[in-house]
file protein.txt (compact mmCIF, C-alpha atoms)
# COMPACT_ATOMS: atom_id res chain seq x y z
CA MET A 5 -28.20 -47.21 -122.35
CA LEU A 6 -29.24 -45.67 -125.65
CA THR A 7 -33.00 -45.57 -125.91
CA SER A 8 -33.36 -44.11 -129.38
CA PRO A 9 -34.96 -46.52 -131.84
CA PHE A 10 -32.53 -45.18 -134.44
CA VAL A 11 -29.29 -46.10 -132.68
CA SER A 12 -27.87 -49.59 -132.76
CA LEU A 13 -24.99 -50.73 -130.63
CA SER A 14 -24.46 -53.80 -132.79
CA PRO A 15 -20.86 -53.74 -134.09
CA SER A 16 -22.07 -54.85 -137.51
CA LEU A 17 -24.39 -51.86 -138.00
CA PRO A 18 -23.15 -48.30 -138.42
CA LEU A 19 -24.00 -46.24 -135.36
CA SER A 20 -23.55 -43.09 -137.40
CA LEU A 21 -26.65 -43.98 -139.45
CA SER A 22 -28.81 -42.58 -136.66
CA LEU A 23 -26.85 -39.34 -136.63
CA SER A 24 -28.19 -38.30 -140.02
CA LEU A 25 -31.68 -38.04 -138.58
CA PRO A 26 -33.12 -34.85 -137.06
CA PRO A 27 -32.00 -34.24 -133.48
CA SER A 28 -35.36 -35.22 -132.03
CA PRO A 29 -38.55 -35.77 -133.97
CA THR A 30 -40.61 -34.89 -130.89
CA GLY A 31 -38.77 -31.71 -129.91
CA GLN A 32 -37.31 -33.24 -126.75
CA PHE A 33 -33.90 -31.74 -127.28
CA GLU A 34 -32.46 -32.37 -123.81
CA ALA A 35 -33.16 -36.10 -124.22
CA ALA A 36 -31.74 -36.03 -127.73
CA ILE A 37 -28.55 -34.39 -126.43
CA ARG A 38 -28.12 -37.16 -123.85
CA GLU A 39 -28.66 -39.84 -126.49
CA HIS A 40 -26.23 -38.23 -128.94
CA GLU A 41 -23.66 -37.82 -126.15
CA GLU A 42 -23.98 -41.54 -125.41
CA ALA A 43 -23.58 -42.27 -129.11
CA LEU A 44 -20.54 -39.99 -129.19
CA HIS A 45 -18.94 -42.00 -126.37
CA VAL A 46 -19.47 -45.27 -128.25
CA LEU A 47 -18.19 -43.75 -131.49
CA GLU A 48 -15.08 -42.47 -129.73
CA GLU A 49 -14.42 -45.98 -128.41
CA ARG A 50 -14.73 -47.27 -131.99
CA ASN A 51 -12.40 -44.54 -133.31
CA ASP A 52 -15.12 -43.53 -135.78
CA VAL A 53 -13.99 -40.00 -136.63
CA LEU A 54 -16.81 -39.23 -139.07
CA GLY A 55 -19.37 -40.67 -136.65
CA CYS A 56 -17.97 -38.50 -133.85
CA ALA A 57 -18.14 -35.46 -136.13
CA MET A 58 -21.78 -36.19 -136.90
CA ALA A 59 -22.58 -36.68 -133.21
CA HIS A 60 -21.09 -33.26 -132.45
CA ARG A 61 -23.15 -31.84 -135.31
CA MET A 62 -26.38 -33.24 -133.90
CA ILE A 63 -25.59 -32.18 -130.33
CA GLY A 64 -24.83 -28.69 -131.62
CA GLU A 65 -28.10 -28.55 -133.51
CA CYS A 66 -30.00 -29.56 -130.38
CA PHE A 67 -28.30 -26.81 -128.41
CA LEU A 68 -29.26 -24.32 -131.14
CA GLU A 69 -32.89 -25.36 -130.78
CA LEU A 70 -32.54 -24.70 -127.05
CA SER A 71 -31.08 -21.23 -127.81
CA ASN A 72 -27.76 -22.17 -126.23
CA TRP A 73 -25.45 -20.74 -128.86
CA GLU A 74 -22.29 -21.17 -126.73
CA SER A 75 -22.69 -24.94 -126.42
CA SER A 76 -23.84 -25.14 -130.03
CA LEU A 77 -20.73 -23.33 -131.19
CA LYS A 78 -18.50 -25.59 -129.10
CA HIS A 79 -19.94 -28.73 -130.72
CA HIS A 80 -20.02 -27.27 -134.22
CA ARG A 81 -16.35 -26.32 -133.88
CA ALA A 82 -15.58 -29.88 -132.77
CA TYR A 83 -17.55 -31.09 -135.81
CA LEU A 84 -15.43 -28.85 -138.05
CA GLN A 85 -12.16 -29.95 -136.45
CA LEU A 86 -13.00 -33.63 -136.95
CA ALA A 87 -14.16 -33.06 -140.54
CA GLU A 88 -10.89 -31.26 -141.23
CA SER A 89 -8.88 -34.09 -139.66
CA ILE A 90 -10.23 -36.51 -142.28
CA SER A 91 -10.29 -33.96 -145.12
CA ASN A 92 -14.04 -34.30 -145.59
CA TYR A 93 -14.94 -31.12 -147.43
CA ALA A 94 -18.68 -31.80 -147.55
CA GLU A 95 -18.82 -31.96 -143.75
CA GLN A 96 -16.48 -28.97 -143.41
CA GLN A 97 -18.86 -26.96 -145.58
CA ARG A 98 -21.81 -27.98 -143.43
CA ALA A 99 -19.87 -27.25 -140.23
CA TRP A 100 -19.05 -23.71 -141.35
CA THR A 101 -22.73 -23.15 -142.16
CA LEU A 102 -23.74 -24.33 -138.68
CA ILE A 103 -21.07 -22.16 -137.07
CA GLY A 104 -22.56 -19.22 -138.95
CA ARG A 105 -26.02 -20.14 -137.68
CA SER A 106 -24.66 -20.33 -134.13
CA TYR A 107 -23.37 -16.77 -134.46
CA LEU A 108 -26.75 -15.63 -135.82
CA PHE A 109 -28.36 -17.11 -132.70
CA ARG A 110 -25.77 -15.22 -130.64
CA TYR A 111 -26.73 -12.02 -132.46
CA GLU A 112 -30.38 -12.56 -131.52
CA ARG A 113 -29.23 -12.46 -127.92
CA ASP A 114 -26.59 -9.75 -127.76
CA HIS A 115 -27.09 -7.73 -130.97
CA THR A 116 -23.35 -7.24 -131.43
CA ARG A 117 -21.73 -6.41 -134.72
CA GLU A 118 -19.04 -8.95 -133.84
CA ALA A 119 -21.58 -11.80 -133.88
CA LEU A 120 -22.75 -10.75 -137.35
CA GLN A 121 -19.19 -10.48 -138.64
CA GLU A 122 -18.37 -13.96 -137.29
CA ALA A 123 -21.53 -15.34 -138.94
CA GLN A 124 -20.61 -13.64 -142.20
CA GLN A 125 -17.06 -15.04 -142.14
CA ALA A 126 -18.37 -18.56 -141.46
CA PHE A 127 -20.91 -18.37 -144.30
CA ILE A 128 -18.26 -17.06 -146.69
CA LYS A 129 -15.90 -19.88 -145.70
CA SER A 130 -18.72 -22.36 -146.32
CA LEU A 131 -19.39 -20.83 -149.73
CA GLU A 132 -15.68 -20.98 -150.60
CA ILE A 133 -15.58 -24.71 -149.82
CA LEU A 134 -18.72 -25.21 -151.88
CA ASP A 135 -17.17 -23.38 -154.84
CA GLN A 136 -13.63 -24.73 -154.59
CA ARG A 137 -14.05 -28.27 -153.27
CA LEU A 138 -17.58 -29.53 -153.83
CA GLN A 139 -18.79 -28.00 -157.10
CA GLY A 140 -17.90 -30.50 -159.83
CA SER A 141 -16.26 -32.93 -157.41
CA SER A 142 -16.25 -36.57 -158.38
CA VAL A 143 -15.42 -37.52 -154.78
CA TYR A 144 -18.52 -36.22 -152.98
CA LYS A 145 -21.10 -36.97 -155.66
CA LEU A 146 -23.49 -34.26 -154.54
CA SER A 147 -26.32 -33.73 -156.99
CA ALA A 148 -26.81 -30.41 -158.73
CA LEU A 149 -29.97 -29.99 -156.66
CA GLU A 150 -28.12 -30.56 -153.37
CA LEU A 151 -25.40 -28.10 -154.35
CA SER A 152 -28.01 -25.57 -155.42
CA LYS A 153 -29.88 -25.91 -152.11
CA MET A 154 -26.63 -25.39 -150.19
CA ARG A 155 -25.87 -22.29 -152.24
CA VAL A 156 -29.41 -20.89 -151.88
CA GLY A 157 -29.22 -21.28 -148.10
CA LEU A 158 -25.84 -19.57 -147.94
CA TYR A 159 -26.97 -16.69 -150.15
CA LEU A 160 -30.05 -16.25 -147.96
CA ASN A 161 -27.96 -16.31 -144.78
CA LEU A 162 -25.47 -13.81 -146.22
CA GLY A 163 -28.33 -11.58 -147.37
CA MET A 164 -29.74 -11.66 -143.86
CA VAL A 165 -26.36 -10.80 -142.32
CA TRP A 166 -25.83 -7.89 -144.69
CA ASN A 167 -29.36 -6.68 -143.91
CA LEU A 168 -28.67 -6.79 -140.17
CA LEU A 169 -25.41 -4.92 -140.81
CA LYS A 170 -27.58 -2.21 -142.49
CA ASP A 171 -25.89 -2.72 -145.86
CA THR A 172 -28.87 -2.79 -148.19
CA PRO A 173 -26.98 -3.07 -151.52
CA HIS A 174 -25.05 -6.18 -150.43
CA SER A 175 -28.16 -7.62 -148.79
CA MET A 176 -30.18 -7.18 -151.98
CA GLU A 177 -27.35 -8.70 -154.05
CA TYR A 178 -27.39 -11.93 -152.05
CA ILE A 179 -31.17 -12.09 -151.77
CA GLN A 180 -31.37 -11.65 -155.55
CA ARG A 181 -28.84 -14.45 -156.09
CA CYS A 182 -30.87 -16.62 -153.75
CA LEU A 183 -34.11 -15.93 -155.63
CA GLU A 184 -32.54 -16.51 -159.04
CA LEU A 185 -31.18 -19.89 -157.97
CA ALA A 186 -34.40 -20.89 -156.24
CA GLU A 187 -36.47 -20.37 -159.39
call {"tool": "encode", "arguments": {"input": "protein.txt", "output": "structure tokens"}}
result
Amino acid sequence: MLTSPFVSLSPSLPLSLSLSLPPSPTGQFEAAIREHEEALHVLEERNDVLGCAMAHRMIGECFLELSNWESSLKHHRAYLQLAESISNYAEQQRAWTLIGRSYLFRYERDHTREALQEAQQAFIKSLEILDQRLQGSSVYKLSALELSKMRVGLYLNLGMVWNLLKDTPHSMEYIQRCLELAE
């Protein structure tokens, strides 16, 4: 049974409400994974595609905190696939960002150029969705501040990737963009 105080099994209340909260406020990520997996099962029974996507997102984030990039990537890809299935560009953008983060965690482990290139591709895809689908959208109603924070994070991540790839000019370009937007 779900033990989280944030999750309600009442059919009248949205289970996905709890999935917008941090994975575990106390840092007990294994317990949070179990709770989100239970929530995922209930959401699947309810055919709640967005709720399932969010559950995969939270499970993936917990696995990242546990330095398990393989499981994180699996859940973040499931998150992306579900977001794509309902054409939710805001969640697709977030999923690509988390996939990029998963590859950065992989890089911390294996130091391969491939991991950095995968991270870079994911961050660029996320930025493309931000530019082409979310900026100025009347559907997603993201505030200018939210969009700016998303962009700052992506510029910072891309600057980091370029730095790790030993490409100082590109790294400085993205770090500069990040700083200009953050001001």
call {"tool": "atom_distance", "arguments": {"input": "protein.txt", "atom1": "CA of His60 in chain A", "atom2": "CA of Arg81 in chain A"}}
result
8.5 Å
call {"tool": "atom_distance", "arguments": {"input": "protein.txt", "atom1": "CA of His79 in chain A", "atom2": "CA of Ala36 in chain A"}}
result
14.2 Å
call {"tool": "residues_around", "arguments": {"input": "protein.txt", "residues": "range 63-68 of chain A", "least_positions_apart": "2", "cutoff": "12 Å", "atoms": "all atoms listed in the file", "output": "MDAnalysis selection string"}}
result
chainID A and resid 23:44 56:61 70:84 98:99 101:110 112
call {"tool": "atom_distance", "arguments": {"input": "protein.txt", "atom1": "CA of Trp100 in chain A", "atom2": "CA of Asp52 in chain A"}}
result
21.0 Å
call {"tool": "closest_residue", "arguments": {"input": "protein.txt", "among": "A:Gln121, A:Gln136, A:Ser141, A:Gln96", "to": "Met164 in chain A", "atoms": "all atoms listed in the file"}}
result
A:Gln121
call {"tool": "closest_residue", "arguments": {"input": "protein.txt", "among": "A:Leu158, A:Leu138, A:Leu146, A:Val53", "to": "Gln125 in chain A", "atoms": "all atoms listed in the file"}}
result
A:Leu158
call {"tool": "closest_residue", "arguments": {"input": "protein.txt", "among": "A:Ile90, A:Val46, A:Ala186, A:Ala119", "to": "Leu168 in chain A", "atoms": "only C-alpha atoms"}}
result
A:Ala119
call {"tool": "closest_residue", "arguments": {"input": "protein.txt", "among": "A:Glu49, A:Glu122, A:Leu134, A:Arg113", "to": "Ala148 in chain A", "atoms": "all atoms listed in the file"}}
result
A:Leu134
call {"tool": "axis_aligned_box", "arguments": {"input": "protein.txt", "around": "range 110-116 of chain A", "padding_each_side": "6 Å", "output": "lines of an AutoDock Vina configuration file"}}
result
center_x = -26.9
center_y = -11.2
center_z = -130.1
size_x = 19.0
size_y = 20.0
size_z = 16.7
call {"tool": "residues_around", "arguments": {"input": "protein.txt", "residues": "Gln139 in chain A", "least_positions_apart": "2", "cutoff": "12 Å", "atoms": "all atoms listed in the file", "output": "list in words"}}
result
Tyr93, Ala94, Gln97, Leu131, Glu132, Ile133, Leu134, Asp135, Gln136, Arg137, Ser141, Ser142, Val143, Tyr144, Lys145, Leu146, Ser147, Ala148, Leu149, Glu150, Leu151, Ser152, Met154 and Arg155 of chain A
call {"tool": "decode", "arguments": {"input": "protein.txt", "residues": "range 44-114 of chain A", "atoms": "C-alpha atoms", "output": "PDB file, in the first residue's frame"}}
result
ATOM      1  CA  LEU A  44       2.791   3.947 -11.579  1.00  0.00           C
ATOM      2  CA  HIS A  45       0.877   0.664 -11.306  1.00  0.00           C
ATOM      3  CA  VAL A  46      -2.279   2.472 -10.172  1.00  0.00           C
ATOM      4  CA  LEU A  47      -1.890   5.098 -12.886  1.00  0.00           C
ATOM      5  CA  GLU A  48      -1.482   2.403 -15.525  1.00  0.00           C
ATOM      6  CA  GLU A  49      -4.723   0.792 -14.324  1.00  0.00           C
ATOM      7  CA  ARG A  50      -6.422   4.183 -14.681  1.00  0.00           C
ATOM      8  CA  ASN A  51      -4.941   4.700 -18.168  1.00  0.00           C
ATOM      9  CA  ASP A  52      -3.495   8.015 -16.980  1.00  0.00           C
ATOM     10  CA  VAL A  53      -0.784   8.547 -19.594  1.00  0.00           C
ATOM     11  CA  LEU A  54       0.484  11.863 -18.212  1.00  0.00           C
ATOM     12  CA  GLY A  55       0.471  10.468 -14.673  1.00  0.00           C
ATOM     13  CA  CYS A  56       2.468   7.442 -15.848  1.00  0.00           C
ATOM     14  CA  ALA A  57       4.924   9.753 -17.594  1.00  0.00           C
ATOM     15  CA  MET A  58       5.391  11.741 -14.396  1.00  0.00           C
ATOM     16  CA  ALA A  59       5.858   8.561 -12.355  1.00  0.00           C
ATOM     17  CA  HIS A  60       8.622   7.459 -14.727  1.00  0.00           C
ATOM     18  CA  ARG A  61      10.153  10.918 -14.392  1.00  0.00           C
ATOM     19  CA  MET A  62      10.229  10.706 -10.608  1.00  0.00           C
ATOM     20  CA  ILE A  63      11.552   7.137 -10.581  1.00  0.00           C
ATOM     21  CA  GLY A  64      14.273   8.205 -12.997  1.00  0.00           C
ATOM     22  CA  GLU A  65      15.218  11.144 -10.808  1.00  0.00           C
ATOM     23  CA  CYS A  66      15.492   8.861  -7.785  1.00  0.00           C
ATOM     24  CA  PHE A  67      17.776   6.523  -9.708  1.00  0.00           C
ATOM     25  CA  LEU A  68      19.932   9.515 -10.697  1.00  0.00           C
ATOM     26  CA  GLU A  69      20.294  10.437  -7.033  1.00  0.00           C
ATOM     27  CA  LEU A  70      21.428   6.859  -6.421  1.00  0.00           C
ATOM     28  CA  SER A  71      23.989   7.193  -9.264  1.00  0.00           C
ATOM     29  CA  ASN A  72      22.242   4.492 -11.284  1.00  0.00           C
ATOM     30  CA  TRP A  73      22.296   6.176 -14.667  1.00  0.00           C
ATOM     31  CA  GLU A  74      21.165   3.044 -16.572  1.00  0.00           C
ATOM     32  CA  SER A  75      17.884   2.748 -14.668  1.00  0.00           C
ATOM     33  CA  SER A  76      17.485   6.514 -14.723  1.00  0.00           C
ATOM     34  CA  LEU A  77      17.867   6.567 -18.488  1.00  0.00           C
ATOM     35  CA  LYS A  78      15.363   3.721 -18.892  1.00  0.00           C
ATOM     36  CA  HIS A  79      12.699   5.624 -16.935  1.00  0.00           C
ATOM     37  CA  HIS A  80      13.459   8.977 -18.531  1.00  0.00           C
ATOM     38  CA  ARG A  81      13.120   7.393 -21.975  1.00  0.00           C
ATOM     39  CA  ALA A  82       9.761   5.929 -20.909  1.00  0.00           C
ATOM     40  CA  TYR A  83       8.807   9.419 -19.694  1.00  0.00           C
ATOM     41  CA  LEU A  84       9.744  10.845 -23.099  1.00  0.00           C
ATOM     42  CA  GLN A  85       7.868   8.145 -25.012  1.00  0.00           C
ATOM     43  CA  LEU A  86       4.681   8.755 -23.014  1.00  0.00           C
ATOM     44  CA  ALA A  87       4.990  12.544 -23.358  1.00  0.00           C
ATOM     45  CA  GLU A  88       5.387  12.098 -27.109  1.00  0.00           C
ATOM     46  CA  SER A  89       2.359   9.798 -27.257  1.00  0.00           C
ATOM     47  CA  ILE A  90       0.141  12.627 -25.973  1.00  0.00           C
ATOM     48  CA  SER A  91       2.016  15.405 -27.804  1.00  0.00           C
ATOM     49  CA  ASN A  92       2.927  17.168 -24.567  1.00  0.00           C
ATOM     50  CA  TYR A  93       5.856  19.332 -25.598  1.00  0.00           C
ATOM     51  CA  ALA A  94       6.511  20.754 -22.130  1.00  0.00           C
ATOM     52  CA  GLU A  95       7.066  17.250 -20.757  1.00  0.00           C
ATOM     53  CA  GLN A  96       9.063  16.224 -23.835  1.00  0.00           C
ATOM     54  CA  GLN A  97      11.374  19.180 -23.229  1.00  0.00           C
ATOM     55  CA  ARG A  98      11.830  18.180 -19.598  1.00  0.00           C
ATOM     56  CA  ALA A  99      12.379  14.536 -20.557  1.00  0.00           C
ATOM     57  CA  TRP A 100      15.161  15.425 -22.992  1.00  0.00           C
ATOM     58  CA  THR A 101      16.822  17.519 -20.271  1.00  0.00           C
ATOM     59  CA  LEU A 102      16.691  14.590 -17.843  1.00  0.00           C
ATOM     60  CA  ILE A 103      18.034  12.220 -20.496  1.00  0.00           C
ATOM     61  CA  GLY A 104      20.938  14.630 -20.927  1.00  0.00           C
ATOM     62  CA  ARG A 105      21.521  14.641 -17.178  1.00  0.00           C
ATOM     63  CA  SER A 106      21.484  10.835 -17.165  1.00  0.00           C
ATOM     64  CA  TYR A 107      24.256  10.828 -19.761  1.00  0.00           C
ATOM     65  CA  LEU A 108      26.246  13.343 -17.705  1.00  0.00           C
ATOM     66  CA  PHE A 109      25.989  10.952 -14.757  1.00  0.00           C
ATOM     67  CA  ARG A 110      27.184   8.183 -17.084  1.00  0.00           C
ATOM     68  CA  TYR A 111      30.147  10.355 -18.062  1.00  0.00           C
ATOM     69  CA  GLU A 112      31.086  10.755 -14.393  1.00  0.00           C
ATOM     70  CA  ARG A 113      31.409   6.989 -14.295  1.00  0.00           C
ATOM     71  CA  ASP A 114      33.008   6.008 -17.586  1.00  0.00           C
TER      72      ASP A 114
END
